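Shown next, in structure tokens, is the structure this report addresses.
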Amino acid sequence: MGELDKHAVDRIVKAIREGFQRPFLPPDLDSQRPKTYFTLPLDLTAARNNVRFPFPANYFYITGVSISSANIDIRLNERSNDVLNLTNHRGVRGPFKCFYITNAAQPGVTIDIACGVLSHEFEIIDQAGFLGDVNLDQVGGTAQTGADLGVLITSLTSRARSLDGDTGTQITKYATATNATAIIHTVTAGKTFYLSGWALGTNGGASGPVSILIRDDSDVAVYYPCRMYQSAANNGVSDAKANIPPIKIPADYDICAVGGAASLSALAMIEGWEE
């Protein structure tokens, strides 16, 4: 049997063929609870070529890998069947009496496999595109600051929005205001603007407030997503935020940058979409 202990394989096959009436457990844990799946850790250090695993089941899924590049090829039931290449969080559903694994030598690499019985027709399982493998503390191998993570989260929420089949019009705009109010964006008539994120900074050596302002179609202030105060001794302050969920802004409303003192500029950017 090579890669697997023959007695272990025989016990698994026997349990499955008996309808999972007895679990594959040590004697001291024995009970009548049915066992509908088993897990199989697999070391990819040595190459394999169509090694047979006699495990009847109807799903096969890779639950974890030691490195993201780990992969195997499997064939279900017969060596002559087409190959399926599987990586982390991918698998198949469909009845099979055995499977064959082929892998190139991947020294020190391991994968974890789950097999069992579920009531589903055949399909490819692919969950690798979810965020479970994303490390928000490290992006491109570089440690991220709070502001960097805010930009990243805004980007991810925009991407999620674009994947749901109803994208709307994506909008990213900025404006500068010095002792004045400058319109960043006016919501299109008949539309709603979804403010998914913003960033605000200052420039200038004066003391005073800066803000991002939302005002209605009569130019009356209704909401401030952000307000900050800069002292003359601290030239150049900034903040950023992803709004989850986004802020809904009605048609004809203005989103503005406000600089509240001479020689003090508000530098504001917004991101979102209209629909």
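So you can find residues: chains in the structure tokens are A, B, ... in the order shown, residues in each start at 1, and ligands are numbered from 1 in order.
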
Next on the checklist: Set the distance at 9 Å and use only C-alpha atoms: which residues neighbour Ser265 (chain A) once local chain neighbours fewer than 4 positions away are removed? I'd like the list as JSON, numbers by chain.
Outcome noted: {"A": [176, 177, 178, 179, 180, 201, 202, 203, 204, 210, 258, 259, 260, 261]}

Keeping only C-alpha atoms, write the selected residues to a file as a tab-separated table (two decimals), in the first residue's frame.
chain	number	residue	atom	x	y	z
A	176	THR	CA	-8.86	70.82	-1.92
A	177	ALA	CA	-10.41	73.64	0.14
A	178	THR	CA	-8.50	76.51	1.82
A	179	ASN	CA	-10.61	78.64	4.18
A	180	ALA	CA	-13.57	77.64	1.98
A	201	GLY	CA	-5.64	65.37	5.39
A	202	THR	CA	-4.33	68.88	6.02
A	203	ASN	CA	-1.68	71.13	4.48
A	204	GLY	CA	-0.49	74.43	5.90
A	210	VAL	CA	-11.05	70.69	8.42
A	258	VAL	CA	-14.12	72.20	4.14
A	259	GLY	CA	-10.99	74.14	5.16
A	260	GLY	CA	-11.73	76.34	8.14
A	261	ALA	CA	-8.81	78.80	8.27

Checklist entry - For Phe99 (chain A), which of A:Ser207, A:Asn234, A:Asn81, A:Thr181 is the closest residue, counting only C-alpha atoms? => result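 Closest residue, counting only C-alpha atoms: A:Asn81.
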
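The smallest atom-to-atom distance between Trp198 (chain A) and any of A:Ala268, A:Ile214, A:Ala175, A:Ala251, using only C-alpha atoms, is found for A:Ala268.
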
Item to check | Closest of A:Leu44, A:Cys256, A:Cys115, A:Asn243 to Val220 (chain A) - atom-to-atom distances counting only C-alpha atoms | outcome: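 Of A:Leu44, A:Cys256, A:Cys115, A:Asn243, the one nearest Val220 (chain A) is A:Cys256, counting only C-alpha atoms.
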
Item to check | Long-range neighbours of Arg79 (chain A) as an MDAnalysis selection string, 9 Å cut-off, only C-alpha atoms, 6 positions minimum in chain | outcome: chainID A and resid 50 52 99:100

Would you pick out the contacts of Gly190 (chain A) at 9 Å or less, using only C-alpha atoms, so that residues sharing its chain but fewer than 4 positions from it are not included, and give the list as a short mmCIF file (atom, residue, chain, number, x, y, z; two decimals) with C-alpha atoms, in the first residue's frame?
data_model
loop_
_atom_site.label_atom_id
_atom_site.label_comp_id
_atom_site.auth_asym_id
_atom_site.auth_seq_id
_atom_site.Cartn_x
_atom_site.Cartn_y
_atom_site.Cartn_z
CA PRO A 250 -29.69 60.95 -1.74
CA ALA A 251 -29.83 62.54 -5.19
CA ASP A 252 -28.67 66.18 -5.54
CA GLU A 275 -27.05 53.47 -8.73
#

Item to check | Separation of CA of Pro41 (chain A) from CA of Lys97 (chain A) in Å | outcome: 19.4 Å

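With only C-alpha atoms taken into account, the protein and nucleic acid residues at most 12 Å from Thr192 (chain A) (excluding it and anything under 4 positions from it in its own chain) are Gly168, Thr169, Thr186, Val187, Thr188, Pro246, Ile247, Lys248, Ile249, Pro250, Ala251, Asp252, Tyr253, Asp254, Gly272, Trp273, Glu274 and Glu275 of chain A.
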
For those residues, write N, CA and C atoms to a file as a PDB file, in the first residue's frame.
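This is the output file out-v1.pdb:
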ATOM      1  N   GLY A 168     -23.246  49.282 -10.581  1.00  0.00           N
ATOM      2  CA  GLY A 168     -23.425  50.721 -10.482  1.00  0.00           C
ATOM      3  C   GLY A 168     -22.226  51.447 -11.068  1.00  0.00           C
ATOM      4  N   THR A 169     -22.198  52.770 -10.932  1.00  0.00           N
ATOM      5  CA  THR A 169     -21.108  53.581 -11.460  1.00  0.00           C
ATOM      6  C   THR A 169     -20.084  53.843 -10.367  1.00  0.00           C
ATOM      7  N   THR A 186     -21.403  65.916  -6.480  1.00  0.00           N
ATOM      8  CA  THR A 186     -22.847  66.109  -6.334  1.00  0.00           C
ATOM      9  C   THR A 186     -23.541  64.864  -6.862  1.00  0.00           C
ATOM     10  N   VAL A 187     -24.401  64.277  -6.043  1.00  0.00           N
ATOM     11  CA  VAL A 187     -25.057  63.025  -6.424  1.00  0.00           C
ATOM     12  C   VAL A 187     -25.984  63.278  -7.618  1.00  0.00           C
ATOM     13  N   THR A 188     -25.873  62.425  -8.615  1.00  0.00           N
ATOM     14  CA  THR A 188     -26.643  62.566  -9.845  1.00  0.00           C
ATOM     15  C   THR A 188     -28.146  62.481  -9.563  1.00  0.00           C
ATOM     16  N   PRO A 246     -21.795  51.005   3.583  1.00  0.00           N
ATOM     17  CA  PRO A 246     -21.584  52.356   3.070  1.00  0.00           C
ATOM     18  C   PRO A 246     -22.692  53.315   3.494  1.00  0.00           C
ATOM     19  N   ILE A 247     -22.358  54.616   3.471  1.00  0.00           N
ATOM     20  CA  ILE A 247     -23.332  55.662   3.799  1.00  0.00           C
ATOM     21  C   ILE A 247     -24.144  55.978   2.548  1.00  0.00           C
ATOM     22  N   LYS A 248     -25.471  55.910   2.651  1.00  0.00           N
ATOM     23  CA  LYS A 248     -26.349  56.202   1.516  1.00  0.00           C
ATOM     24  C   LYS A 248     -26.643  57.701   1.473  1.00  0.00           C
ATOM     25  N   ILE A 249     -26.384  58.323   0.318  1.00  0.00           N
ATOM     26  CA  ILE A 249     -26.566  59.770   0.168  1.00  0.00           C
ATOM     27  C   ILE A 249     -27.553  60.022  -0.975  1.00  0.00           C
ATOM     28  N   PRO A 250     -28.638  60.766  -0.730  1.00  0.00           N
ATOM     29  CA  PRO A 250     -29.689  60.948  -1.743  1.00  0.00           C
ATOM     30  C   PRO A 250     -29.236  61.797  -2.942  1.00  0.00           C
ATOM     31  N   ALA A 251     -30.056  61.761  -3.975  1.00  0.00           N
ATOM     32  CA  ALA A 251     -29.826  62.544  -5.190  1.00  0.00           C
ATOM     33  C   ALA A 251     -29.735  64.032  -4.873  1.00  0.00           C
ATOM     34  N   ASP A 252     -28.866  64.725  -5.600  1.00  0.00           N
ATOM     35  CA  ASP A 252     -28.672  66.177  -5.542  1.00  0.00           C
ATOM     36  C   ASP A 252     -27.959  66.662  -4.279  1.00  0.00           C
ATOM     37  N   TYR A 253     -27.603  65.754  -3.369  1.00  0.00           N
ATOM     38  CA  TYR A 253     -26.807  66.146  -2.207  1.00  0.00           C
ATOM     39  C   TYR A 253     -25.355  66.370  -2.636  1.00  0.00           C
ATOM     40  N   ASP A 254     -24.649  67.243  -1.910  1.00  0.00           N
ATOM     41  CA  ASP A 254     -23.234  67.509  -2.160  1.00  0.00           C
ATOM     42  C   ASP A 254     -22.368  66.855  -1.085  1.00  0.00           C
ATOM     43  N   GLY A 272     -16.814  55.447  -3.795  1.00  0.00           N
ATOM     44  CA  GLY A 272     -18.109  54.798  -3.673  1.00  0.00           C
ATOM     45  C   GLY A 272     -18.695  54.526  -5.041  1.00  0.00           C
ATOM     46  N   TRP A 273     -20.011  54.422  -5.095  1.00  0.00           N
ATOM     47  CA  TRP A 273     -20.679  54.184  -6.378  1.00  0.00           C
ATOM     48  C   TRP A 273     -22.076  54.765  -6.349  1.00  0.00           C
ATOM     49  N   GLU A 274     -22.638  54.962  -7.560  1.00  0.00           N
ATOM     50  CA  GLU A 274     -24.012  55.439  -7.718  1.00  0.00           C
ATOM     51  C   GLU A 274     -24.845  54.381  -8.402  1.00  0.00           C
ATOM     52  N   GLU A 275     -26.107  54.327  -8.015  1.00  0.00           N
ATOM     53  CA  GLU A 275     -27.052  53.467  -8.733  1.00  0.00           C
ATOM     54  C   GLU A 275     -28.459  53.973  -8.471  1.00  0.00           C
TER      55      GLU A 275
END

Checklist entry - Which residue gives the smallest distance to Ile101 (chain A) among A:Val222, A:Ala182, A:Ile244, A:Val83, with only C-alpha atoms counted? => result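 Counting only C-alpha atoms, the residue closest to Ile101 (chain A) is A:Val83.
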